[in-house]
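Colleague: coords_15.txt (compact mmCIF, C-alpha atoms) pasted underneath:
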```txt
# COMPACT_ATOMS: atom_id res chain seq x y z
CA MET A 1230 7.81 -16.02 32.44
CA LEU A 1231 6.99 -12.39 31.61
CA LEU A 1232 9.85 -12.31 29.13
CA LEU A 1233 8.36 -15.30 27.33
CA LEU A 1234 5.03 -13.49 27.01
CA PHE A 1235 6.71 -10.53 25.36
CA ALA A 1236 8.57 -12.85 23.01
CA ILE A 1237 5.32 -14.03 21.39
CA PRO A 1238 4.92 -12.17 18.07
CA ALA A 1239 1.96 -9.81 18.01
CA ASP A 1240 0.83 -11.32 14.70
CA ASP A 1241 -0.01 -14.56 16.49
CA CYS A 1242 -2.58 -12.71 18.57
CA SER A 1243 -4.50 -11.14 15.69
CA ALA A 1244 -6.89 -12.54 13.14
CA GLN A 1245 -4.97 -11.03 10.27
CA THR A 1246 -1.53 -9.50 9.80
CA PRO A 1247 -1.90 -5.70 9.82
CA PRO A 1248 -0.30 -3.70 7.01
CA PRO A 1249 3.44 -2.98 7.44
CA LEU A 1250 3.24 0.79 7.86
CA ASP A 1251 6.18 2.95 8.86
CA GLU A 1252 4.53 6.26 9.72
CA HIS A 1253 7.88 8.06 9.63
CA ALA A 1254 8.74 6.93 6.10
CA PHE A 1255 7.78 10.21 4.45
CA GLU A 1256 8.23 12.63 7.35
CA ARG A 1257 10.26 15.67 6.31
CA VAL A 1258 10.26 14.54 2.68
CA PRO A 1259 9.66 17.63 0.53
CA PRO A 1260 6.74 17.28 -1.94
CA THR A 1261 8.89 17.77 -5.04
CA VAL A 1262 6.75 15.79 -7.51
CA VAL A 1263 4.59 18.11 -9.61
CA LYS A 1264 2.54 15.43 -11.39
CA ARG A 1265 -0.31 13.77 -9.49
CA LEU A 1266 0.55 10.44 -7.88
CA ALA A 1267 -1.49 7.46 -6.72
CA THR A 1268 -4.70 8.41 -8.50
CA ARG A 1269 -5.65 4.83 -9.44
CA PHE A 1270 -4.61 1.22 -8.99
CA SER A 1271 -5.44 -1.94 -10.86
CA LEU A 1272 -5.60 -5.58 -9.86
CA GLY A 1273 -5.59 -7.38 -13.17
CA ALA A 1274 -8.62 -6.03 -15.04
CA PHE A 1275 -10.16 -4.48 -11.90
CA VAL A 1276 -9.49 -0.74 -11.67
CA GLY A 1277 -9.92 1.21 -8.46
CA ARG A 1278 -9.47 4.89 -7.66
CA PHE A 1279 -7.96 6.22 -4.48
CA GLU A 1280 -10.51 7.98 -2.26
CA GLU A 1281 -13.35 6.79 -4.51
CA THR A 1282 -13.42 2.97 -4.50
CA PRO A 1283 -14.77 1.43 -1.23
CA LEU A 1284 -13.08 -1.60 0.31
CA GLY A 1285 -16.41 -3.40 -0.14
CA ALA A 1286 -16.15 -2.99 -3.93
CA VAL A 1287 -12.67 -4.55 -3.93
CA ARG A 1288 -13.91 -7.40 -1.73
CA LYS A 1289 -16.89 -7.99 -4.04
CA ALA A 1290 -14.76 -7.96 -7.21
CA VAL A 1291 -12.15 -10.36 -5.83
CA GLY A 1292 -14.76 -12.57 -4.17
CA GLU A 1293 -12.46 -13.23 -1.23
CA GLY A 1294 -11.20 -11.50 1.89
CA THR A 1295 -12.46 -10.10 5.19
CA ILE A 1296 -12.39 -6.41 6.06
CA GLN A 1297 -10.37 -6.01 9.26
CA ASN A 1298 -10.06 -3.02 11.59
CA GLN A 1299 -7.45 -1.73 14.00
CA GLY A 1300 -7.35 1.38 16.20
CA ASP A 1301 -10.06 3.97 16.75
CA ALA A 1302 -10.97 7.56 15.84
CA GLY A 1303 -8.22 9.28 13.80
CA GLY A 1304 -5.87 6.31 14.14
CA SER A 1305 -8.35 3.76 12.84
CA ILE A 1306 -7.55 1.77 9.70
CA TYR A 1307 -9.58 -0.81 7.82
CA TRP A 1308 -8.01 -3.24 5.39
CA LEU A 1309 -8.24 -6.28 3.17
CA CYS A 1310 -5.24 -8.61 3.11
CA TYR A 1311 -4.41 -10.97 0.24
CA ARG A 1312 -1.59 -13.32 -0.69
CA ARG A 1313 -0.34 -15.32 -3.64
CA ALA A 1314 3.02 -17.08 -3.96
CA GLN A 1315 5.59 -14.62 -2.55
CA HIS A 1316 3.29 -11.60 -2.77
CA ARG A 1317 1.35 -10.08 0.09
CA LEU A 1318 -1.10 -7.25 -0.56
CA TRP A 1319 -3.03 -4.86 1.68
CA VAL A 1320 -5.80 -2.57 0.43
CA MET A 1321 -6.53 0.01 3.14
CA SER A 1322 -8.81 2.80 4.22
CA GLY A 1323 -7.75 5.36 6.81
CA GLU A 1324 -9.60 8.19 8.54
CA MET A 1325 -10.04 10.10 5.27
CA GLY A 1326 -11.76 7.10 3.68
CA GLY A 1327 -15.06 8.03 5.30
CA THR A 1328 -17.79 5.77 6.64
CA ASP A 1329 -17.87 3.67 3.46
CA HIS A 1330 -14.12 3.01 3.87
CA ARG A 1331 -12.88 4.27 0.51
CA VAL A 1332 -9.36 3.12 -0.38
CA THR A 1333 -6.71 5.62 0.73
CA GLU A 1334 -3.62 3.41 0.55
CA VAL A 1335 -2.35 0.16 -0.98
CA VAL A 1336 0.74 -1.84 0.01
CA GLU A 1337 2.29 -4.82 -1.76
CA GLU A 1338 5.46 -6.62 -0.82
CA LEU A 1339 7.44 -9.44 -2.37
CA THR A 1340 8.71 -11.65 0.44
CA GLU A 1341 11.86 -13.74 0.26
CA LYS A 1342 9.90 -16.88 1.09
CA ASP A 1343 6.55 -18.19 -0.10
CA THR A 1344 3.52 -16.75 1.74
CA GLU A 1345 1.31 -19.75 0.96
CA THR A 1346 2.01 -21.30 4.37
CA SER A 1347 0.45 -18.24 6.00
CA THR A 1348 -3.29 -18.58 6.50
CA ASP A 1349 -4.16 -15.15 7.88
CA CYS A 1350 -4.79 -13.52 4.47
CA ALA A 1351 -7.10 -14.73 1.72
CA ILE A 1352 -5.55 -16.13 -1.45
CA ILE A 1353 -6.17 -13.71 -4.32
CA PRO A 1354 -7.02 -15.36 -7.66
CA GLU A 1355 -4.27 -15.11 -10.28
CA LYS A 1356 -6.48 -13.01 -12.58
CA PHE A 1357 -6.18 -10.11 -10.09
CA ALA A 1358 -2.43 -9.84 -10.67
CA PRO A 1359 -0.42 -7.79 -11.03
CA LEU A 1360 -1.06 -4.75 -8.85
CA VAL A 1361 -0.24 -1.68 -10.95
CA PHE A 1362 -0.20 1.95 -9.78
CA ASP A 1363 -1.26 4.67 -12.22
CA GLY A 1364 -0.87 2.27 -15.15
CA LYS A 1365 2.92 2.08 -14.87
CA LEU A 1366 4.36 1.09 -11.49
CA ARG A 1367 4.58 -2.54 -10.33
CA LEU A 1368 6.81 -4.82 -8.28
CA GLY A 1369 9.82 -6.32 -10.04
CA MET A 1370 10.79 -3.11 -11.84
CA SER A 1371 14.42 -2.01 -11.65
CA ARG A 1372 15.37 1.29 -10.01
CA LEU A 1373 16.17 2.69 -13.46
CA GLU A 1374 12.75 1.64 -14.81
CA VAL A 1375 11.05 3.36 -11.86
CA VAL A 1376 12.96 6.63 -12.43
CA THR A 1377 12.22 6.44 -16.15
CA ALA A 1378 8.49 6.02 -15.42
CA LEU A 1379 8.15 8.52 -12.55
CA GLY A 1380 11.10 10.90 -12.77
CA GLN A 1381 13.46 11.71 -9.91
CA PRO A 1382 12.23 10.84 -6.39
CA SER A 1383 11.72 13.39 -3.63
CA LYS A 1384 14.14 11.43 -1.45
CA SER A 1385 16.44 8.55 -2.22
CA ALA A 1386 18.53 6.22 -0.07
CA ALA A 1387 20.38 2.98 -0.73
CA ALA A 1388 17.33 0.71 -0.59
CA GLN A 1389 14.40 3.15 -0.54
CA MET A 1390 12.91 5.92 -2.65
CA VAL A 1391 10.07 8.24 -1.70
CA TYR A 1392 7.92 10.24 -4.11
CA SER A 1393 5.89 13.01 -2.48
CA HIS A 1394 3.28 15.28 -4.09
CA HIS A 1395 1.20 18.14 -2.72
CA GLY A 1396 -1.13 20.14 -4.94
CA LYS A 1397 -4.18 22.36 -4.95
CA LEU A 1398 -7.45 21.16 -6.48
CA ALA A 1399 -10.62 22.98 -7.50
CA GLY A 1400 -12.91 24.21 -4.72
CA GLY A 1401 -10.11 24.98 -2.28
CA PHE A 1402 -9.15 21.35 -1.72
CA GLU A 1403 -5.57 20.18 -1.29
CA GLU A 1404 -4.20 16.80 -2.26
CA THR A 1405 -1.29 14.92 -0.71
CA ALA A 1406 -0.01 11.74 -2.36
CA TRP A 1407 2.97 9.49 -1.79
CA LEU A 1408 4.82 6.45 -3.04
CA ILE A 1409 7.29 4.63 -0.78
CA LEU A 1410 9.40 2.14 -2.69
CA ARG A 1411 11.94 -0.37 -1.37
CA PHE A 1412 14.46 -2.29 -3.42
CA ARG A 1413 16.35 -5.54 -2.97
CA GLU A 1414 19.24 -6.17 -5.35
CA GLU A 1415 18.01 -3.20 -7.43
CA LYS A 1416 14.55 -4.73 -7.92
CA LEU A 1417 11.37 -3.17 -6.52
CA VAL A 1418 10.11 -5.50 -3.77
CA PHE A 1419 7.93 -3.17 -1.65
CA LEU A 1420 5.39 -0.64 -2.89
CA ARG A 1421 3.24 1.62 -0.72
CA GLY A 1422 1.13 4.31 -2.28
CA GLY A 1423 -1.69 6.49 -1.09
CA LYS A 1424 -3.56 9.75 -1.36
CA THR A 1425 -5.62 12.04 0.86
CA THR A 1426 -7.60 15.17 0.05
CA THR A 1427 -8.34 17.91 2.60
CA ASN A 1428 -9.94 21.33 2.50
```
Step by step, read the file and then write its structure as C-alpha cells.

Modeller:
Amino acid sequence: MLLLLFAIPADDCSAQTPPPLDEHAFERVPPTVVKRLATRFSLGAFVGRFEETPLGAVRKAVGEGTIQNQGDAGGSIYWLCYRRAQHRLWVMSGEMGGTDHRVTEVVEELTEKDTETSTDCAIIPEKFAPLVFDGKLRLGMSRLEVVTALGQPSKSAAAQMVYSHHGKLAGGFEETAWLILRFREEKLVFLRGGKTTTN
C-alpha cells in the first residue's frame, strides 16, 4: 500500500505544476559570455524586464493566471503558469525578486504532446506568443541559428547548451545571467533564462 502512495505523481497533489527546474544545470559552468544575457523578454507585444517587471504586471497584461508559491525563505519561488497547444510557460520570481515578486526567470518548453488536456495552467491568449528573449531567442530555432544569434555557448552537450554571464555593474553591483537550452532533433524545445543582481 505504501508503494502505491509513492507511485502517485507529485503533480496530482498540487494546484499547479511547478516549473521544471534543474538546479544543477549550470553548476560549474564558466561564465564565458561577455555580452549581457536575459535582460528582457517579450510575450507578443508585451515586454518585460528581468528583475524589474513584477509577476502582477504580467498577470494583469495577460488577463489570466494565478500566482502560485512553493518553498519558504531563500528557497521560495513564485510563478505564473500558462499553456497553449504544445507550449507550456512559467514566469517566475525567486528570492532576489523582492516582496513585489519581480521576474527573475522564465521557462518555456515545447512538449511532444498537446498540453490542452492539462487544466492546471491558464490558457494564454494567442496574441501573447511567441516568447522571445532579448529580441532574438525563441523556441523552434535550430542549434545553428542559436549560435549565430548568441555566439558560442559556455558549455555544450549533445542535447543541451548553457550560456553563462557574470559581469560588474555600476555602484559595486554584480550581475549573473544564464540561458539553459535543450534541443530535440536539432530544434530548440526548452528555454530557461534568468538573471540576478547582487552587491

Colleague: With distances taken over all atoms listed in the file, which of A:Ser1383, A:Ser1305, A:Thr1405, A:Thr1333 is nearest to A:Arg1278?

Modeller: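 Distance minimum relative to A:Arg1278 lands on A:Thr1333.
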
Colleague: Please provide the set of residues having any atom within 9 Å of A:Tyr1392, restricted to all atoms listed in the file, with same-chain residues fewer than 2 positions apart removed, written as a PDB file with C-alpha atoms, in the frame of the given file.

Modeller:
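Below you can see out.pdb, which holds the result:
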```pdb
ATOM      1  CA  PHE A1255       7.780  10.210   4.450  1.00  0.00           C
ATOM      2  CA  VAL A1258      10.260  14.540   2.680  1.00  0.00           C
ATOM      3  CA  PRO A1259       9.660  17.630   0.530  1.00  0.00           C
ATOM      4  CA  PRO A1260       6.740  17.280  -1.940  1.00  0.00           C
ATOM      5  CA  THR A1261       8.890  17.770  -5.040  1.00  0.00           C
ATOM      6  CA  VAL A1262       6.750  15.790  -7.510  1.00  0.00           C
ATOM      7  CA  LEU A1266       0.550  10.440  -7.880  1.00  0.00           C
ATOM      8  CA  LEU A1379       8.150   8.520 -12.550  1.00  0.00           C
ATOM      9  CA  GLN A1381      13.460  11.710  -9.910  1.00  0.00           C
ATOM     10  CA  PRO A1382      12.230  10.840  -6.390  1.00  0.00           C
ATOM     11  CA  SER A1383      11.720  13.390  -3.630  1.00  0.00           C
ATOM     12  CA  LYS A1384      14.140  11.430  -1.450  1.00  0.00           C
ATOM     13  CA  SER A1385      16.440   8.550  -2.220  1.00  0.00           C
ATOM     14  CA  MET A1390      12.910   5.920  -2.650  1.00  0.00           C
ATOM     15  CA  HIS A1394       3.280  15.280  -4.090  1.00  0.00           C
ATOM     16  CA  ALA A1406      -0.010  11.740  -2.360  1.00  0.00           C
ATOM     17  CA  TRP A1407       2.970   9.490  -1.790  1.00  0.00           C
ATOM     18  CA  LEU A1408       4.820   6.450  -3.040  1.00  0.00           C
ATOM     19  CA  ILE A1409       7.290   4.630  -0.780  1.00  0.00           C
ATOM     20  CA  LEU A1410       9.400   2.140  -2.690  1.00  0.00           C
TER      21      LEU A1410
END
```

Colleague: Under the rule that all atoms listed in the file are counted, which of A:Gln1315, A:Ser1322, A:Thr1427, A:Gln1297 is the nearest residue to A:Glu1337?

Modeller: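 Ranking A:Gln1315, A:Ser1322, A:Thr1427, A:Gln1297 by distance to A:Glu1337, first place goes to A:Gln1315.
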
Colleague: Atom CA of A:Leu1398 and atom CA of A:Leu1250 are how many Å apart?

Modeller: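 That distance, rounded to one decimal, is 27.1 Å.
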
Colleague: Go ahead and compute the interatomic distance for atom CA of A:Glu1404 and atom CA of A:Met1321, in Å to one decimal.

Modeller: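 Calculated distance between atom CA of A:Glu1404 and atom CA of A:Met1321 is 17.8 Å.
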
Colleague: Just checking: using all atoms listed in the file, which residue out of A:Tyr1311, A:Phe1270, A:Phe1402, A:Phe1362 ends up closest to A:Ile1296?

Modeller: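 Checking each candidate against A:Ile1296, we get A:Tyr1311 as the closest.
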
Colleague: Out of A:Lys1416, A:Lys1342, A:Lys1264, A:His1395, which residue has the shortest atom-to-atom distance to A:Arg1313 when counting all atoms listed in the file?

Modeller: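 Of all the options, A:Lys1342 lies closest to A:Arg1313.
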
Colleague: Neighbouring residues of A:Gly1327 were defined as those with any atom within 12 Å, considering all atoms listed in the file; residues of the same chain fewer than 6 positions away were excluded. Please report them as a ChimeraX atom specification.

Modeller: /A:1280-1284,1302-1303,1305-1307,1321,1333,1425-1426

Colleague: Taking (3.4, -14.8, -3.0) in the file's coordinates as the center, which residues reach within 12 Å of it, counting all atoms listed in the file, put as a ChimeraX atom specification?

Modeller: /A:1311-1318,1337-1347,1350-1355,1358-1359,1368,1418

Colleague: Would you mind reading off the distance between atom CA of A:Ser1393 and atom CA of A:Arg1331, one decimal, in Å?

Modeller: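 Atom CA of A:Ser1393 sits 20.9 Å away from atom CA of A:Arg1331.
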
Colleague: Select, from A:Gly1326, A:Gly1294, A:Gly1400, A:Gly1380, the residue with the minimum atom-to-atom distance to A:Cys1310, counting all atoms listed in the file.

Modeller: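 Ranked by minimum distance to A:Cys1310, first place goes to A:Gly1294.
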
Colleague: Please determine, counting only C-alpha atoms, which residue among A:Val1375, A:Val1336, A:Lys1356, A:Glu1324 has the shortest atom-to-atom distance to A:Gly1292.

Modeller: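 For A:Gly1292, the nearest of the given residues is A:Lys1356.
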